[in-house]
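As provided, model.txt (compact mmCIF, C-alpha atoms) reads as follows.
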# COMPACT_ATOMS: atom_id res chain seq x y z
CA MET A 1 0.00 0.00 0.00
CA ALA A 2 1.40 3.41 -0.95
CA PHE A 3 1.00 6.66 0.94
CA ALA A 4 1.77 10.22 -0.08
CA LYS A 5 2.08 13.28 2.13
CA VAL A 6 1.24 16.75 0.89
CA THR A 7 4.54 18.38 1.87
CA GLU A 8 4.35 21.83 0.37
CA ILE A 9 2.91 24.82 2.18
CA ILE A 10 -0.81 24.44 1.58
CA LYS A 11 -2.58 27.40 0.00
CA GLU A 12 -5.37 25.29 -1.43
CA SER A 13 -6.56 22.09 0.20
CA PRO A 14 -6.16 18.79 -1.66
CA ALA A 15 -9.05 17.69 -3.85
CA PHE A 16 -10.07 14.97 -1.42
CA THR A 17 -11.16 17.61 1.12
CA GLN A 18 -14.20 18.21 -1.10
CA LEU A 19 -15.43 14.74 -0.12
CA THR A 20 -17.53 13.99 2.94
CA ASP A 21 -15.84 14.17 6.35
CA LEU A 22 -16.93 10.74 7.54
CA ALA A 23 -15.84 11.44 11.14
CA ALA A 24 -17.63 14.79 11.55
CA GLU A 25 -19.57 15.16 14.79
CA ARG A 26 -22.42 16.98 13.07
CA LEU A 27 -22.82 14.03 10.70
CA GLY A 28 -22.91 11.58 13.62
CA GLY A 29 -19.25 10.74 14.26
CA LYS A 30 -18.13 9.99 17.83
CA VAL A 31 -14.87 9.79 19.76
CA LEU A 32 -15.37 6.67 21.83
CA TYR A 33 -12.14 6.43 23.80
CA ALA A 34 -8.79 8.08 24.44
CA THR A 35 -5.91 6.89 26.56
CA ASP A 36 -5.60 10.41 28.02
CA ASP A 37 -7.34 13.74 27.49
CA PHE A 38 -6.16 15.51 30.62
CA PHE A 39 -5.72 18.99 29.10
CA ALA A 40 -8.37 19.03 26.35
CA GLU A 41 -11.30 16.73 25.63
CA LYS A 42 -11.12 14.04 22.98
CA GLU A 43 -14.55 15.09 21.61
CA ASN A 44 -13.02 18.29 20.23
CA LEU A 45 -11.25 16.27 17.53
CA ILE A 46 -14.33 16.07 15.31
CA MET A 47 -15.96 19.45 15.98
CA PRO A 48 -16.80 21.79 13.05
CA THR A 49 -14.35 24.48 11.86
CA ARG A 50 -10.65 24.63 12.67
CA GLY A 51 -9.63 24.97 16.31
CA ILE A 52 -9.44 28.45 17.82
CA PHE A 53 -7.12 30.00 20.40
CA ILE A 54 -8.15 32.20 23.34
CA HIS A 55 -5.02 33.78 24.78
CA ASP A 56 -6.02 34.20 28.42
CA LYS A 57 -8.38 31.25 28.85
CA TYR A 58 -7.35 28.60 31.38
CA THR A 59 -8.96 25.67 33.20
CA ASP A 60 -8.10 24.12 36.54
CA ARG A 61 -5.85 21.71 34.60
CA GLY A 62 -3.92 24.28 32.59
CA LYS A 63 -4.24 26.23 29.35
CA TRP A 64 -7.58 25.80 27.59
CA MET A 65 -7.04 24.37 24.12
CA ASP A 66 -9.52 23.71 21.34
CA GLY A 67 -8.58 20.15 20.47
CA TRP A 68 -7.56 16.87 22.06
CA GLU A 69 -4.51 17.17 24.29
CA SER A 70 -2.93 14.56 26.55
CA ARG A 71 -0.55 15.26 29.42
CA ARG A 72 3.23 14.96 29.10
CA LYS A 73 4.00 11.23 29.13
CA ARG A 74 6.59 10.20 31.70
CA THR A 75 6.26 6.45 31.07
CA PRO A 76 6.87 4.25 27.99
CA GLY A 77 4.21 4.19 25.27
CA HIS A 78 2.09 6.73 23.45
CA ASP A 79 -1.48 8.05 23.37
CA TRP A 80 -4.30 7.16 21.02
CA ALA A 81 -8.00 7.74 20.45
CA VAL A 82 -10.79 5.68 18.87
CA ILE A 83 -13.18 7.40 16.46
CA GLN A 84 -16.46 5.92 15.29
CA LEU A 85 -17.29 7.18 11.80
CA ALA A 86 -20.74 8.64 11.26
CA THR A 87 -21.28 6.02 8.58
CA SER A 88 -19.24 3.26 7.04
CA GLY A 89 -17.18 4.45 4.12
CA LYS A 90 -14.14 4.27 1.88
CA ILE A 91 -11.43 6.68 3.00
CA THR A 92 -9.51 8.84 0.53
CA GLY A 93 -7.52 11.16 2.77
CA PHE A 94 -6.92 12.65 6.20
CA ASP A 95 -6.31 16.03 7.76
CA ILE A 96 -4.52 15.80 11.11
CA ASP A 97 -4.75 19.46 12.08
CA THR A 98 -2.45 20.77 14.83
CA ASN A 99 -3.79 24.33 14.61
CA PHE A 100 -2.48 26.41 17.58
CA PHE A 101 -0.60 23.43 18.99
CA LEU A 102 2.94 24.76 18.71
CA GLY A 103 5.17 23.68 21.58
CA ASN A 104 2.83 20.84 22.43
CA HIS A 105 1.98 19.06 19.16
CA PRO A 106 2.86 15.37 18.58
CA PRO A 107 5.84 14.96 16.23
CA HIS A 108 4.28 11.91 14.58
CA ALA A 109 0.97 10.11 14.10
CA SER A 110 -0.36 6.91 12.57
CA ILE A 111 -3.85 5.59 11.82
CA GLU A 112 -5.44 2.16 12.03
CA ALA A 113 -8.91 1.11 10.88
CA VAL A 114 -11.44 -1.68 11.25
CA ASN A 115 -14.91 -2.58 10.00
CA LEU A 116 -17.16 -3.56 12.89
CA GLU A 117 -20.79 -4.61 12.64
CA SER A 118 -21.27 -3.78 16.32
CA THR A 119 -19.24 -2.41 19.23
CA ASP A 120 -21.38 -4.14 21.85
CA GLY A 121 -19.22 -5.77 24.47
CA ILE A 122 -15.96 -4.14 23.39
CA THR A 123 -14.10 -3.05 26.51
CA ASP A 124 -10.52 -3.50 25.30
CA TRP A 125 -9.91 -1.50 22.14
CA GLU A 126 -6.30 -2.69 21.94
CA ASN A 127 -7.41 -6.21 21.07
CA VAL A 128 -9.58 -5.22 18.10
CA ALA A 129 -8.29 -6.48 14.73
CA TRP A 130 -6.92 -3.10 13.61
CA LYS A 131 -5.30 -2.66 10.20
CA GLU A 132 -2.76 0.09 9.63
CA ILE A 133 -3.87 2.49 6.88
CA LEU A 134 -1.38 5.28 7.58
CA PRO A 135 2.07 4.39 8.92
CA LYS A 136 3.87 6.55 11.48
CA SER A 137 4.13 9.91 9.77
CA HIS A 138 5.52 13.37 10.51
CA LEU A 139 3.29 16.17 11.81
CA ASP A 140 4.08 19.86 11.53
CA ALA A 141 3.13 22.17 14.37
CA GLY A 142 0.20 24.54 13.92
CA SER A 143 -0.64 23.06 10.52
CA GLN A 144 -3.07 21.02 8.52
CA ASN A 145 -1.22 17.78 7.86
CA PHE A 146 -2.80 16.19 4.79
CA TYR A 147 -2.23 12.55 3.94
CA GLU A 148 -3.70 10.41 1.20
CA CYS A 149 -5.00 6.90 1.86
CA GLU A 150 -5.07 4.34 -0.91
CA SER A 151 -6.97 1.61 0.89
CA ASN A 152 -10.12 0.57 -0.97
CA GLU A 153 -11.69 -1.21 1.98
CA ILE A 154 -14.78 -0.11 3.89
CA TYR A 155 -14.25 0.96 7.50
CA THR A 156 -16.40 1.99 10.45
CA HIS A 157 -13.85 2.88 13.17
CA LEU A 158 -10.39 4.44 13.25
CA ARG A 159 -7.63 4.62 15.85
CA LEU A 160 -5.49 7.76 15.75
CA HIS A 161 -2.09 7.26 17.37
CA ILE A 162 0.05 10.23 18.44
CA TYR A 163 3.71 9.80 19.35
CA PRO A 164 4.33 10.13 22.20
CA ASP A 165 1.76 12.66 23.47
CA GLY A 166 0.49 16.20 22.87
CA GLY A 167 -2.36 17.93 21.11
CA VAL A 168 -4.30 17.64 17.86
CA ALA A 169 -6.93 20.29 17.13
CA ARG A 170 -9.05 18.45 14.55
CA PHE A 171 -9.11 15.10 12.77
CA ARG A 172 -10.83 14.93 9.40
CA VAL A 173 -11.50 11.69 7.55
CA TYR A 174 -12.47 12.40 3.96
CA GLY A 175 -14.08 9.77 1.79
CA GLU A 176 -17.21 8.29 0.30
CA VAL A 177 -20.20 7.04 2.26
CA PHE A 178 -20.92 3.34 1.86
CA LYS A 179 -24.57 2.36 2.05
CA ASN A 180 -25.92 -1.09 1.27
CA TRP A 181 -28.55 -0.09 -1.27
CA ASP A 182 -29.57 -3.73 -1.76
CA ALA A 183 -31.13 -3.50 1.72
CA VAL A 184 -33.18 -0.40 0.82
CA SER A 185 -36.68 -1.03 -0.51
CA VAL A 186 -37.91 0.81 -3.59
CA THR A 187 -41.01 1.73 -1.55
CA GLU A 188 -39.03 3.44 1.25
CA GLU A 189 -38.94 7.23 1.20
CA LEU A 190 -35.60 8.77 2.15
CA ASP A 191 -33.64 11.98 1.64
CA LEU A 192 -31.82 11.25 -1.60
CA ALA A 193 -29.54 14.27 -1.17
CA ALA A 194 -28.51 13.75 2.48
CA ALA A 195 -24.79 13.51 3.13
CA ILE A 196 -25.34 10.65 5.58
CA ASN A 197 -26.86 8.62 2.70
CA GLY A 198 -24.02 9.51 0.31
CA GLY A 199 -25.26 12.72 -1.31
CA GLN A 200 -22.63 15.28 -2.28
CA ALA A 201 -22.49 18.98 -3.10
CA ILE A 202 -20.24 19.02 -6.16
CA ALA A 203 -20.32 22.54 -7.62
CA CYS A 204 -21.70 26.03 -7.17
CA ASN A 205 -21.13 29.48 -8.66
CA ASP A 206 -20.59 31.17 -5.27
CA MET A 207 -20.23 30.29 -1.59
CA PHE A 208 -18.64 33.47 -0.30
CA PHE A 209 -20.09 33.33 3.22
CA SER A 210 -20.64 29.63 3.89
CA ALA A 211 -20.09 26.26 2.24
CA MET A 212 -22.42 24.45 -0.13
CA SER A 213 -21.88 21.16 1.74
CA ASN A 214 -23.87 22.54 4.69
CA LEU A 215 -27.06 22.18 2.64
CA ILE A 216 -27.15 18.42 3.07
CA MET A 217 -26.06 18.08 6.70
CA PRO A 218 -28.42 16.50 9.29
CA ASN A 219 -30.83 18.51 11.44
CA ARG A 220 -31.67 22.19 11.01
CA GLY A 221 -28.88 24.74 10.83
CA VAL A 222 -27.53 25.88 14.19
CA ASN A 223 -26.88 29.46 13.02
CA MET A 224 -26.62 31.59 9.90
CA GLY A 225 -23.14 30.25 9.18
CA ASP A 226 -24.48 26.70 9.01
CA GLY A 227 -25.95 26.92 5.54
CA TRP A 228 -25.05 27.93 1.99
CA GLU A 229 -24.85 31.70 1.52
CA THR A 230 -23.68 33.67 -1.51
CA LYS A 231 -22.44 37.25 -1.59
CA ARG A 232 -24.70 40.17 -2.50
CA ASN A 233 -25.05 40.41 -6.26
CA ARG A 234 -26.33 43.59 -7.85
CA THR A 235 -26.44 42.21 -11.41
CA PRO A 236 -29.99 42.46 -12.77
CA ASN A 237 -31.77 39.09 -12.99
CA ASN A 238 -28.90 37.32 -11.22
CA ARG A 239 -29.15 33.62 -10.43
CA ASP A 240 -26.90 31.76 -8.01
CA TRP A 241 -26.82 27.98 -8.12
CA VAL A 242 -25.51 24.81 -6.49
CA ILE A 243 -25.40 21.26 -7.90
CA LEU A 244 -25.95 18.19 -5.74
CA LYS A 245 -25.25 14.59 -6.66
CA LEU A 246 -27.93 12.34 -5.21
CA ALA A 247 -26.87 9.41 -3.06
CA HIS A 248 -28.69 7.07 -5.43
CA LYS A 249 -30.66 7.44 -8.63
CA GLY A 250 -34.26 7.96 -7.65
CA MET A 251 -37.67 9.57 -8.13
CA VAL A 252 -38.56 12.66 -6.13
CA ASP A 253 -41.80 12.91 -4.13
CA ARG A 254 -41.36 16.12 -2.15
CA ILE A 255 -38.80 18.83 -1.44
CA ILE A 256 -37.96 20.96 1.59
CA VAL A 257 -36.13 24.29 1.27
CA ASP A 258 -35.26 25.60 4.72
CA THR A 259 -34.15 29.23 5.19
CA CYS A 260 -33.56 28.78 8.94
CA HIS A 261 -31.72 31.82 10.44
CA PHE A 262 -31.71 33.66 7.11
CA LYS A 263 -33.88 36.73 7.73
CA GLY A 264 -32.53 39.80 5.96
CA ASN A 265 -30.60 37.72 3.45
CA TYR A 266 -32.83 34.87 2.28
CA PRO A 267 -33.37 34.45 -1.49
CA ASP A 268 -36.49 36.01 -2.94
CA SER A 269 -37.30 32.77 -4.77
CA CYS A 270 -35.86 29.47 -5.93
CA SER A 271 -36.26 26.77 -8.53
CA ILE A 272 -34.82 23.27 -8.89
CA GLU A 273 -33.72 21.46 -12.02
CA ALA A 274 -32.71 17.84 -12.48
CA CYS A 275 -30.81 15.65 -14.91
CA VAL A 276 -29.59 12.10 -15.42
CA SER A 277 -25.86 11.54 -15.80
CA ASP A 278 -23.41 8.68 -15.28
CA ASN A 279 -20.70 11.15 -14.20
CA ASP A 280 -20.42 14.41 -12.25
CA ASP A 281 -19.41 16.62 -15.19
CA VAL A 282 -22.84 18.21 -15.29
CA VAL A 283 -22.13 21.94 -14.85
CA ASN A 284 -22.51 22.54 -18.58
CA ASN A 285 -25.13 19.85 -19.06
CA THR A 286 -27.83 21.14 -21.42
CA ASP A 287 -30.34 18.49 -20.48
CA TRP A 288 -31.59 20.04 -17.23
CA LYS A 289 -35.34 19.71 -16.74
CA THR A 290 -37.53 21.63 -14.30
CA LEU A 291 -38.18 19.60 -11.16
CA LEU A 292 -39.60 22.48 -9.10
CA PRO A 293 -40.82 25.62 -10.89
CA GLN A 294 -39.78 28.95 -9.41
CA GLN A 295 -41.28 29.44 -5.94
CA LYS A 296 -41.38 32.44 -3.58
CA LEU A 297 -39.43 32.03 -0.34
CA SER A 298 -39.84 33.52 3.13
CA ALA A 299 -37.37 34.39 5.87
CA ASP A 300 -36.39 31.79 8.47
CA HIS A 301 -38.96 29.28 7.26
CA ILE A 302 -39.35 25.62 6.28
CA HIS A 303 -40.87 25.51 2.77
CA GLU A 304 -42.30 22.12 1.82
CA PHE A 305 -43.28 21.39 -1.78
CA GLY A 306 -45.22 18.33 -2.87
CA SER A 307 -47.85 18.94 -5.54
CA GLU A 308 -45.55 21.57 -7.09
CA VAL A 309 -42.88 18.93 -7.88
CA ASN A 310 -42.88 17.73 -11.49
CA ALA A 311 -42.81 13.98 -12.15
CA LEU A 312 -39.59 13.52 -14.12
CA GLY A 313 -38.89 9.87 -13.36
CA ALA A 314 -35.53 8.75 -12.01
CA ILE A 315 -32.79 11.40 -11.73
CA THR A 316 -29.18 11.52 -10.48
CA HIS A 317 -28.34 15.22 -9.99
CA ILE A 318 -30.24 18.38 -9.02
CA ARG A 319 -29.47 22.07 -9.39
CA LEU A 320 -30.89 24.51 -6.86
CA ASN A 321 -31.24 28.00 -8.30
CA ILE A 322 -31.77 31.00 -6.01
CA PHE A 323 -32.87 34.44 -7.19
CA PRO A 324 -31.07 36.77 -6.98
CA ASP A 325 -28.72 35.64 -4.16
CA GLY A 326 -28.71 34.92 -0.41
CA GLY A 327 -28.71 31.98 1.95
CA VAL A 328 -30.42 28.61 2.31
CA SER A 329 -29.83 26.49 5.40
CA ARG A 330 -30.92 23.01 4.27
CA LEU A 331 -32.25 21.29 1.16
CA ARG A 332 -34.08 17.96 1.42
CA ILE A 333 -34.91 15.88 -1.67
CA PHE A 334 -37.25 13.13 -0.51
CA GLY A 335 -38.00 10.25 -2.80
CA LYS A 336 -37.56 6.56 -3.57
CA ILE A 337 -34.59 4.86 -5.14
CA SER A 338 -34.69 3.38 -8.62
CA LYS A 339 -33.07 -0.03 -9.10

Could you write out this structure as structure tokens?
Amino acid sequence: MAFAKVTEIIKESPAFTQLTDLAAERLGGKVLYATDDFFAEKENLIMPTRGIFIHDKYTDRGKWMDGWESRRKRTPGHDWAVIQLATSGKITGFDIDTNFFLGNHPPHASIEAVNLESTDGITDWENVAWKEILPKSHLDAGSQNFYECESNEIYTHLRLHIYPDGGVARFRVYGEVFKNWDAVSVTEELDLAAAINGGQAIACNDMFFSAMSNLIMPNRGVNMGDGWETKRNRTPNNRDWVILKLAHKGMVDRIIVDTCHFKGNYPDSCSIEACVSDNDDVVNNTDWKTLLPQQKLSADHIHEFGSEVNALGAITHIRLNIFPDGGVSRLRIFGKISK
């Protein structure tokens, strides 16, 4: 198995960071165990955004840090943490981010993985049948440390080793959701666009204020930054757009457009188009058909459309258009898969 580290100073993140963060807490990831998190809690590893630094903030154990930090090890060995992915998946790359950990970052890290049907009864994580998917590798202080993973296997849990101790701000596990579609009935309604099912935001014309991938996260947005928001556009008749790849080819029954938290900056209206494609090169596709005709939107509101949705048959991609600009918190595309 080959591994490659992104060694240059990163100005643009590697392409794999556009994939789903399978470990993300907001998607359902969990940190199940750590050998030591004396200074900073293990749960911070999978929180949204990069870690922050508050100069004069302390706890009764020392300096407050936004990450996972173990105490200085005075005995043989090293520290490690077990992460349960939000969903099983194939991993493409990692970001071991030591943001703001400067004199206290681990010099090296490695990663192991396993596919478990259940964790019931596991009390000794050391005796799980781990497989190394990233060998012991160098970490820079205060940096995003990107590594590629060329394993094609499906995993559910990871073990992040740090050598010998120290702090990691965030741990990102980028890859593709694996879902057993053979077990999904063609009569079951599900959100075909949801990230947890394998949906992906693949392109947009603008995401100046917040990322397009927020549109397909679970739950309602927690604030205005937890959505997709474009900059103000004064061009007459402007249209901003985002393209989503559905988790599975399917037929749409109903749609929810949620403008939660967007009050003075929600779009005036929206429409949704759809197409069928066997690849994701659909930006210039000329075969878009109207799935949802243009509809007026309101501030901070859940808009549900059923009878307004056109029956197009099975589709693979959708394009949300907003007029003229603004923010949408969540987009739900409910329907049934086509086999």

Tyr33 of chain A environment, 10 Å, all atoms listed in the file, sequence neighbours closer than 3 positions dropped, as a list in words: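 Listed by chain and then number, they are Lys30, Asp36, Asp37, Lys42, Glu43, Trp80, Ala81, Val82, Ile83, Gln84, Trp125 and Arg159 of chain A.
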
Best match for closeness to Asn104 of chain A among A:Ile46, A:Asn127, A:Gly167, A:Trp68, counting all atoms listed in the file: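 Checking each candidate against Asn104 of chain A, we get A:Gly167 as the closest.
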
Output as lines of an AutoDock Vina configuration file the centre and edge lengths (Å, one decimal) of the box along x, y and z of the file that holds every listed atom of segment 210-224 of chain A after adding 4 Å on each side.
center_x = -25.9
center_y = 24.0
center_z = 7.0
size_x = 19.6
size_y = 23.1
size_z = 22.3

10 Å contact set for segment 98-102 of chain A, all atoms listed in the file, chain neighbours under 6 positions out, as an MDAnalysis selection string: chainID A and resid 50:54 65:69 139:145 166:171

Residue contacts of Asp182 of chain A (9 Å, all atoms listed in the file) excluding same-chain residues fewer than 3 positions away, as a PyMOL selection string: chain A and resi 179+185+339

Contacts between segment 22-28 of chain A and segment 139-176 of chain A, please, where a residue of segment 139-176 of chain A counts if it comes within 7 Å (with all atoms listed in the file); show its shortest atom pair and distance in Å to one decimal, rows by chain and ascending number, as CSV.
residue,atom,partner,partner_atom,distance
A:Arg172,CA,A:Ala23,CA,6.3
A:Val173,CA,A:Leu22,CA,5.5
A:Tyr174,CA,A:Leu22,CA,6.0
A:Gly175,CA,A:Leu22,CA,6.5

Shortest interatomic distance to Ala15 of chain A - which of A:Ile202, A:Val114, A:Ala34, A:Leu331, counting all atoms listed in the file: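 Among the listed residues, A:Ile202 lies closest to Ala15 of chain A.
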
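Closest approach to Ala113 of chain A among A:Leu158, A:Leu190, A:Val184, A:Ile302 is made by A:Leu158 (distances from all atoms listed in the file).
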
Coordinates-based distance that separates atom CA of Gly77 of chain A from atom CA of His157 of chain A (Å, one decimal):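 A separation of 21.8 Å between them.
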
Among the residues A:Ala247, A:Met224, A:Cys275, A:Leu134, the one that comes closest to Asn180 of chain A [using all atoms listed in the file]: A:Ala247

Non-local contacts of segment 257-259 of chain A (12 Å; all atoms listed in the file; under 5 positions in same chain excluded) as a ChimeraX atom specification: /A:214-216,219-229,264-272,292,295-306,320-322,326-334

Export of the given selection (C-alpha atoms) as a PDB file, in the frame of the given file:
ATOM      1  CA  ASN A 214     -23.870  22.540   4.690  1.00  0.00           C
ATOM      2  CA  LEU A 215     -27.060  22.180   2.640  1.00  0.00           C
ATOM      3  CA  ILE A 216     -27.150  18.420   3.070  1.00  0.00           C
ATOM      4  CA  ASN A 219     -30.830  18.510  11.440  1.00  0.00           C
ATOM      5  CA  ARG A 220     -31.670  22.190  11.010  1.00  0.00           C
ATOM      6  CA  GLY A 221     -28.880  24.740  10.830  1.00  0.00           C
ATOM      7  CA  VAL A 222     -27.530  25.880  14.190  1.00  0.00           C
ATOM      8  CA  ASN A 223     -26.880  29.460  13.020  1.00  0.00           C
ATOM      9  CA  MET A 224     -26.620  31.590   9.900  1.00  0.00           C
ATOM     10  CA  GLY A 225     -23.140  30.250   9.180  1.00  0.00           C
ATOM     11  CA  ASP A 226     -24.480  26.700   9.010  1.00  0.00           C
ATOM     12  CA  GLY A 227     -25.950  26.920   5.540  1.00  0.00           C
ATOM     13  CA  TRP A 228     -25.050  27.930   1.990  1.00  0.00           C
ATOM     14  CA  GLU A 229     -24.850  31.700   1.520  1.00  0.00           C
ATOM     15  CA  GLY A 264     -32.530  39.800   5.960  1.00  0.00           C
ATOM     16  CA  ASN A 265     -30.600  37.720   3.450  1.00  0.00           C
ATOM     17  CA  TYR A 266     -32.830  34.870   2.280  1.00  0.00           C
ATOM     18  CA  PRO A 267     -33.370  34.450  -1.490  1.00  0.00           C
ATOM     19  CA  ASP A 268     -36.490  36.010  -2.940  1.00  0.00           C
ATOM     20  CA  SER A 269     -37.300  32.770  -4.770  1.00  0.00           C
ATOM     21  CA  CYS A 270     -35.860  29.470  -5.930  1.00  0.00           C
ATOM     22  CA  SER A 271     -36.260  26.770  -8.530  1.00  0.00           C
ATOM     23  CA  ILE A 272     -34.820  23.270  -8.890  1.00  0.00           C
ATOM     24  CA  LEU A 292     -39.600  22.480  -9.100  1.00  0.00           C
ATOM     25  CA  GLN A 295     -41.280  29.440  -5.940  1.00  0.00           C
ATOM     26  CA  LYS A 296     -41.380  32.440  -3.580  1.00  0.00           C
ATOM     27  CA  LEU A 297     -39.430  32.030  -0.340  1.00  0.00           C
ATOM     28  CA  SER A 298     -39.840  33.520   3.130  1.00  0.00           C
ATOM     29  CA  ALA A 299     -37.370  34.390   5.870  1.00  0.00           C
ATOM     30  CA  ASP A 300     -36.390  31.790   8.470  1.00  0.00           C
ATOM     31  CA  HIS A 301     -38.960  29.280   7.260  1.00  0.00           C
ATOM     32  CA  ILE A 302     -39.350  25.620   6.280  1.00  0.00           C
ATOM     33  CA  HIS A 303     -40.870  25.510   2.770  1.00  0.00           C
ATOM     34  CA  GLU A 304     -42.300  22.120   1.820  1.00  0.00           C
ATOM     35  CA  PHE A 305     -43.280  21.390  -1.780  1.00  0.00           C
ATOM     36  CA  GLY A 306     -45.220  18.330  -2.870  1.00  0.00           C
ATOM     37  CA  LEU A 320     -30.890  24.510  -6.860  1.00  0.00           C
ATOM     38  CA  ASN A 321     -31.240  28.000  -8.300  1.00  0.00           C
ATOM     39  CA  ILE A 322     -31.770  31.000  -6.010  1.00  0.00           C
ATOM     40  CA  GLY A 326     -28.710  34.920  -0.410  1.00  0.00           C
ATOM     41  CA  GLY A 327     -28.710  31.980   1.950  1.00  0.00           C
ATOM     42  CA  VAL A 328     -30.420  28.610   2.310  1.00  0.00           C
ATOM     43  CA  SER A 329     -29.830  26.490   5.400  1.00  0.00           C
ATOM     44  CA  ARG A 330     -30.920  23.010   4.270  1.00  0.00           C
ATOM     45  CA  LEU A 331     -32.250  21.290   1.160  1.00  0.00           C
ATOM     46  CA  ARG A 332     -34.080  17.960   1.420  1.00  0.00           C
ATOM     47  CA  ILE A 333     -34.910  15.880  -1.670  1.00  0.00           C
ATOM     48  CA  PHE A 334     -37.250  13.130  -0.510  1.00  0.00           C
TER      49      PHE A 334
END

Interatomic distance, atom CA of Thr49 of chain A to atom CA of Leu19 of chain A (Å, one decimal): 15.5 Å

One-decimal distance in Å that lies between atom CA of Pro48 of chain A and atom CA of Ile133 of chain A: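 Atom-to-atom, atom CA of Ile133 of chain A and atom CA of Pro48 of chain A are spaced 24.0 Å apart.
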
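Compared by their closest atoms to Glu189 of chain A, and using all atoms listed in the file, the residues A:Asp253, A:Glu273, A:Glu112, A:Asp120 rank with A:Asp253 nearest.
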
Residues within 7 Å of (-23.3, 3.8, 3.4), counting all atoms listed in the file, listed as a PyMOL selection string: chain A and resi 87-89+177-180+197-198

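Comparing A:Thr17, A:Ser110, A:Ser70, A:Ser118 by their smallest distance to Lys136 of chain A, the closest is A:Ser110 (using only C-alpha atoms).
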
Distance query Gly62 of chain A at most 8 Å, all atoms listed in the file, self and fewer than 3 positions along chain excluded, as a list of chain:residue names: A:Phe39, A:Tyr58, A:Thr59

Export C-alpha atoms of the chosen residues as a short mmCIF file (atom, residue, chain, number, x, y, z; two decimals), in the coordinates of the input?
data_model
loop_
_atom_site.label_atom_id
_atom_site.label_comp_id
_atom_site.auth_asym_id
_atom_site.auth_seq_id
_atom_site.Cartn_x
_atom_site.Cartn_y
_atom_site.Cartn_z
CA PHE A 39 -5.72 18.99 29.10
CA TYR A 58 -7.35 28.60 31.38
CA THR A 59 -8.96 25.67 33.20
#
